[in-house]
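Next up, input14.cif (mmCIF, C-alpha atoms):
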data_final
loop_
_atom_site.label_atom_id
_atom_site.label_comp_id
_atom_site.auth_asym_id
_atom_site.auth_seq_id
_atom_site.Cartn_x
_atom_site.Cartn_y
_atom_site.Cartn_z
CA GLN H 1 139.52 101.68 86.78
CA VAL H 2 136.77 99.57 85.28
CA GLN H 3 134.25 100.74 82.74
CA LEU H 4 130.89 99.02 82.37
CA VAL H 5 128.56 99.43 79.41
CA GLU H 6 125.07 97.96 79.50
CA SER H 7 122.79 97.20 76.59
CA GLY H 8 119.61 95.32 75.84
CA GLY H 9 116.96 97.33 77.61
CA GLY H 10 113.72 98.40 76.02
CA LEU H 11 109.96 98.18 76.04
CA VAL H 12 108.38 94.76 76.40
CA GLN H 13 104.87 93.52 77.02
CA PRO H 14 103.94 91.69 80.23
CA GLY H 15 105.01 88.09 79.98
CA GLY H 16 107.78 88.96 77.56
CA SER H 17 111.53 88.47 77.73
CA LEU H 18 114.67 90.55 77.47
CA ARG H 19 118.37 89.89 77.79
CA LEU H 20 120.66 92.54 79.20
CA SER H 21 124.39 92.57 78.54
CA CYS H 22 127.18 94.36 80.34
CA VAL H 23 130.68 94.57 78.91
CA ALA H 24 133.55 95.38 81.23
CA SER H 25 136.78 97.04 80.14
CA GLY H 26 139.82 98.53 81.82
CA SER H 27 141.28 96.83 84.89
CA ILE H 28 139.15 93.74 84.46
CA PHE H 29 141.73 91.54 86.20
CA SER H 30 140.66 93.20 89.45
CA ILE H 31 136.99 92.22 89.13
CA SER H 32 135.63 89.52 91.40
CA ALA H 33 131.86 89.59 91.57
CA MET H 34 129.56 91.21 89.05
CA GLY H 35 125.87 91.82 89.24
CA TRP H 36 122.74 93.63 88.28
CA TYR H 37 120.79 96.11 90.33
CA ARG H 38 117.67 98.06 89.47
CA GLN H 39 115.99 101.27 90.52
CA ALA H 40 112.35 102.00 89.90
CA PRO H 41 110.97 105.56 90.04
CA GLY H 42 110.68 106.73 93.63
CA LYS H 43 112.38 103.65 95.01
CA GLN H 44 115.84 102.76 96.23
CA ARG H 45 118.26 100.82 94.10
CA GLU H 46 117.94 97.12 94.83
CA LEU H 47 119.92 94.01 94.12
CA VAL H 48 118.64 91.80 91.32
CA ALA H 49 121.34 89.17 90.93
CA THR H 50 125.06 88.65 91.43
CA ILE H 51 127.60 86.19 90.12
CA SER H 52 131.09 85.45 91.37
CA ARG H 53 134.13 84.89 89.18
CA GLY H 54 133.65 81.19 89.80
CA GLY H 55 130.01 81.28 88.77
CA SER H 56 128.19 81.23 92.11
CA THR H 57 124.93 83.12 91.82
CA ASN H 58 122.56 84.97 94.10
CA TYR H 59 119.10 86.31 93.29
CA ALA H 60 116.54 88.58 94.83
CA ASP H 61 113.45 86.63 95.86
CA SER H 62 111.31 88.67 93.49
CA VAL H 63 113.17 87.41 90.42
CA LYS H 64 114.03 83.83 91.35
CA GLY H 65 112.86 81.43 88.69
CA ARG H 66 112.42 84.23 86.14
CA PHE H 67 115.85 85.85 85.81
CA THR H 68 119.14 84.15 85.10
CA ILE H 69 122.53 85.79 85.49
CA SER H 70 125.52 84.42 83.62
CA ARG H 71 129.06 85.47 82.93
CA ASP H 72 131.50 84.96 80.09
CA ASN H 73 134.94 85.72 81.47
CA THR H 74 136.54 85.42 78.04
CA LEU H 75 134.32 88.22 76.74
CA ASN H 76 134.35 90.17 80.02
CA THR H 77 130.58 90.18 79.81
CA VAL H 78 127.78 89.49 82.24
CA TYR H 79 124.24 88.79 81.10
CA LEU H 80 120.82 88.95 82.66
CA GLN H 81 118.20 86.84 80.94
CA MET H 82 114.74 87.93 82.03
CA ILE H 83 111.53 86.02 81.31
CA SER H 84 107.93 86.35 82.44
CA LEU H 85 108.42 90.06 82.90
CA ASN H 86 105.74 92.03 84.69
CA PRO H 87 105.15 95.76 85.20
CA GLU H 88 106.83 95.61 88.61
CA ASP H 89 110.09 94.83 86.81
CA THR H 90 110.06 98.27 85.21
CA ALA H 91 113.21 100.08 86.28
CA VAL H 92 116.62 101.30 85.24
CA TYR H 93 118.93 98.30 85.42
CA TYR H 94 122.54 98.90 86.42
CA CYS H 95 125.52 96.66 85.97
CA ASN H 96 127.87 96.42 88.93
CA ALA H 97 131.41 95.13 89.36
CA VAL H 98 133.36 94.67 92.56
CA GLY H 99 137.09 95.29 92.27
CA TRP H 100 139.92 95.02 94.77
CA SER H 101 139.06 98.24 96.49
CA ASP H 102 136.31 99.83 94.44
CA VAL H 103 132.80 99.23 93.25
CA TYR H 104 131.94 100.22 89.70
CA TRP H 105 128.63 101.02 88.05
CA GLY H 106 127.41 101.27 84.51
CA GLN H 107 125.25 104.08 83.23
CA GLY H 108 122.07 102.01 83.36
CA THR H 109 119.62 100.72 80.80
CA GLN H 110 115.87 101.26 80.96
CA VAL H 111 113.53 98.30 81.06
CA THR H 112 109.84 99.10 80.70
CA VAL H 113 107.19 96.40 80.96
CA SER H 114 103.88 97.67 79.68
CA SER H 115 101.05 96.73 77.37
#
Take the structure in the file and write it out as structure tokens.
Amino acid sequence: QVQLVESGGGLVQPGGSLRLSCVASGSIFSISAMGWYRQAPGKQRELVATISRGGSTNYADSVKGRFTISRDNTLNTVYLQMISLNPEDTAVYYCNAVGWSDVYWGQGTQVTVSS
């Protein structure tokens, strides 16, 4: 089993920045890719960004150039640096980890972009 704990969400004005963190614990040796997803009210959960154990990244078109995912394997932590935030980025952001045979999710952290 893998446990994921997110932090770093909050309220930010349009154009602002936030950095989300996700710490993994438990059977971390089984984790390959990690990522961030988000779910806005009334919408389906969508992929934001993923990163492989080796550091290969993938981004949703809507966040390319604004969000950066990174991973510190020594700290078992994945980060999501977000800049130039806009109201459409408002959502609950979930950390995700892919294990050998399971997919794990954190509890989510709220990001609200509003003036």
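Checking H:Trp36, H:Tyr79, H:Trp105, H:Tyr59 one by one against Tyr93 of chain H, counting all atoms listed in the file, you find the shortest gap at H:Trp36.
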Using only C-alpha atoms: which of H:Val113, H:Ile28, H:Leu20, H:Ala40 has the shortest distance to Gly99 of chain H: H:Ile28
Which residue out of H:Gln13, H:Gln1, H:Thr50, H:Ser7 has the minimum interatomic distance to Gly26 of chain H when only C-alpha atoms are used?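 Closest candidate: H:Gln1.
If you look at atom CA of Arg66 of chain H and atom CA of Tyr94 of chain H, they are 17.8 Å away from each other.
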Applied to the shown file, which residues does the PyMOL selection byres ((chain H and resi 53) around 9) return, written as a PyMOL selection string? chain H and resi 31-34+51-52+54-56+71+73
Nearest to Glu6 of chain H: which of H:Val111, H:Ile69, H:Val63, H:Cys95 is it, counting only C-alpha atoms? H:Cys95
Counting all atoms listed in the file, the option among H:Gly108, H:Ser114, H:Val103, H:Gly16 closest to Glu88 of chain H: H:Ser114
I'd like the contact shell of Val12 of chain H - 10 Å cut-off, all atoms listed in the file, skipping same-chain residues fewer than 3 positions apart - returned as a ChimeraX atom specification. /H:9,15-18,85-87,90,111-115
Take atom CA of Val23 of chain H and atom CA of Asp72 of chain H and report the distance between them in Å, one decimal. 9.7 Å
Near-Gln39 of chain H list (8 Å; all atoms listed in the file; drop same-chain fewer than 2 positions) as a list in words: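 Surrounding residues, per the criterion: Tyr37, Pro41, Lys43, Gln44, Arg45, Glu46, Ala91, Val92 and Tyr93 of chain H.
You will find atom CA of Phe29 of chain H at 14.6 Å from atom CA of Val78 of chain H.
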Expected answer as an mmCIF file with C-alpha atoms, keeping the file's coordinate frame: all residues with atoms within 12 Å of (112.4, 85.9, 89.6), all atoms listed in the file:
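Dumped everything to out_31.cif:
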data_model
loop_
_atom_site.group_PDB
_atom_site.id
_atom_site.type_symbol
_atom_site.label_atom_id
_atom_site.label_comp_id
_atom_site.auth_asym_id
_atom_site.auth_seq_id
_atom_site.Cartn_x
_atom_site.Cartn_y
_atom_site.Cartn_z
ATOM 1 C CA LEU H 47 119.920 94.010 94.120
ATOM 2 C CA VAL H 48 118.640 91.800 91.320
ATOM 3 C CA ALA H 49 121.340 89.170 90.930
ATOM 4 C CA ASN H 58 122.560 84.970 94.100
ATOM 5 C CA TYR H 59 119.100 86.310 93.290
ATOM 6 C CA ALA H 60 116.540 88.580 94.830
ATOM 7 C CA ASP H 61 113.450 86.630 95.860
ATOM 8 C CA SER H 62 111.310 88.670 93.490
ATOM 9 C CA VAL H 63 113.170 87.410 90.420
ATOM 10 C CA LYS H 64 114.030 83.830 91.350
ATOM 11 C CA GLY H 65 112.860 81.430 88.690
ATOM 12 C CA ARG H 66 112.420 84.230 86.140
ATOM 13 C CA PHE H 67 115.850 85.850 85.810
ATOM 14 C CA THR H 68 119.140 84.150 85.100
ATOM 15 C CA ILE H 69 122.530 85.790 85.490
ATOM 16 C CA LEU H 80 120.820 88.950 82.660
ATOM 17 C CA GLN H 81 118.200 86.840 80.940
ATOM 18 C CA MET H 82 114.740 87.930 82.030
ATOM 19 C CA ILE H 83 111.530 86.020 81.310
ATOM 20 C CA SER H 84 107.930 86.350 82.440
ATOM 21 C CA LEU H 85 108.420 90.060 82.900
ATOM 22 C CA ASN H 86 105.740 92.030 84.690
ATOM 23 C CA GLU H 88 106.830 95.610 88.610
ATOM 24 C CA ASP H 89 110.090 94.830 86.810
#
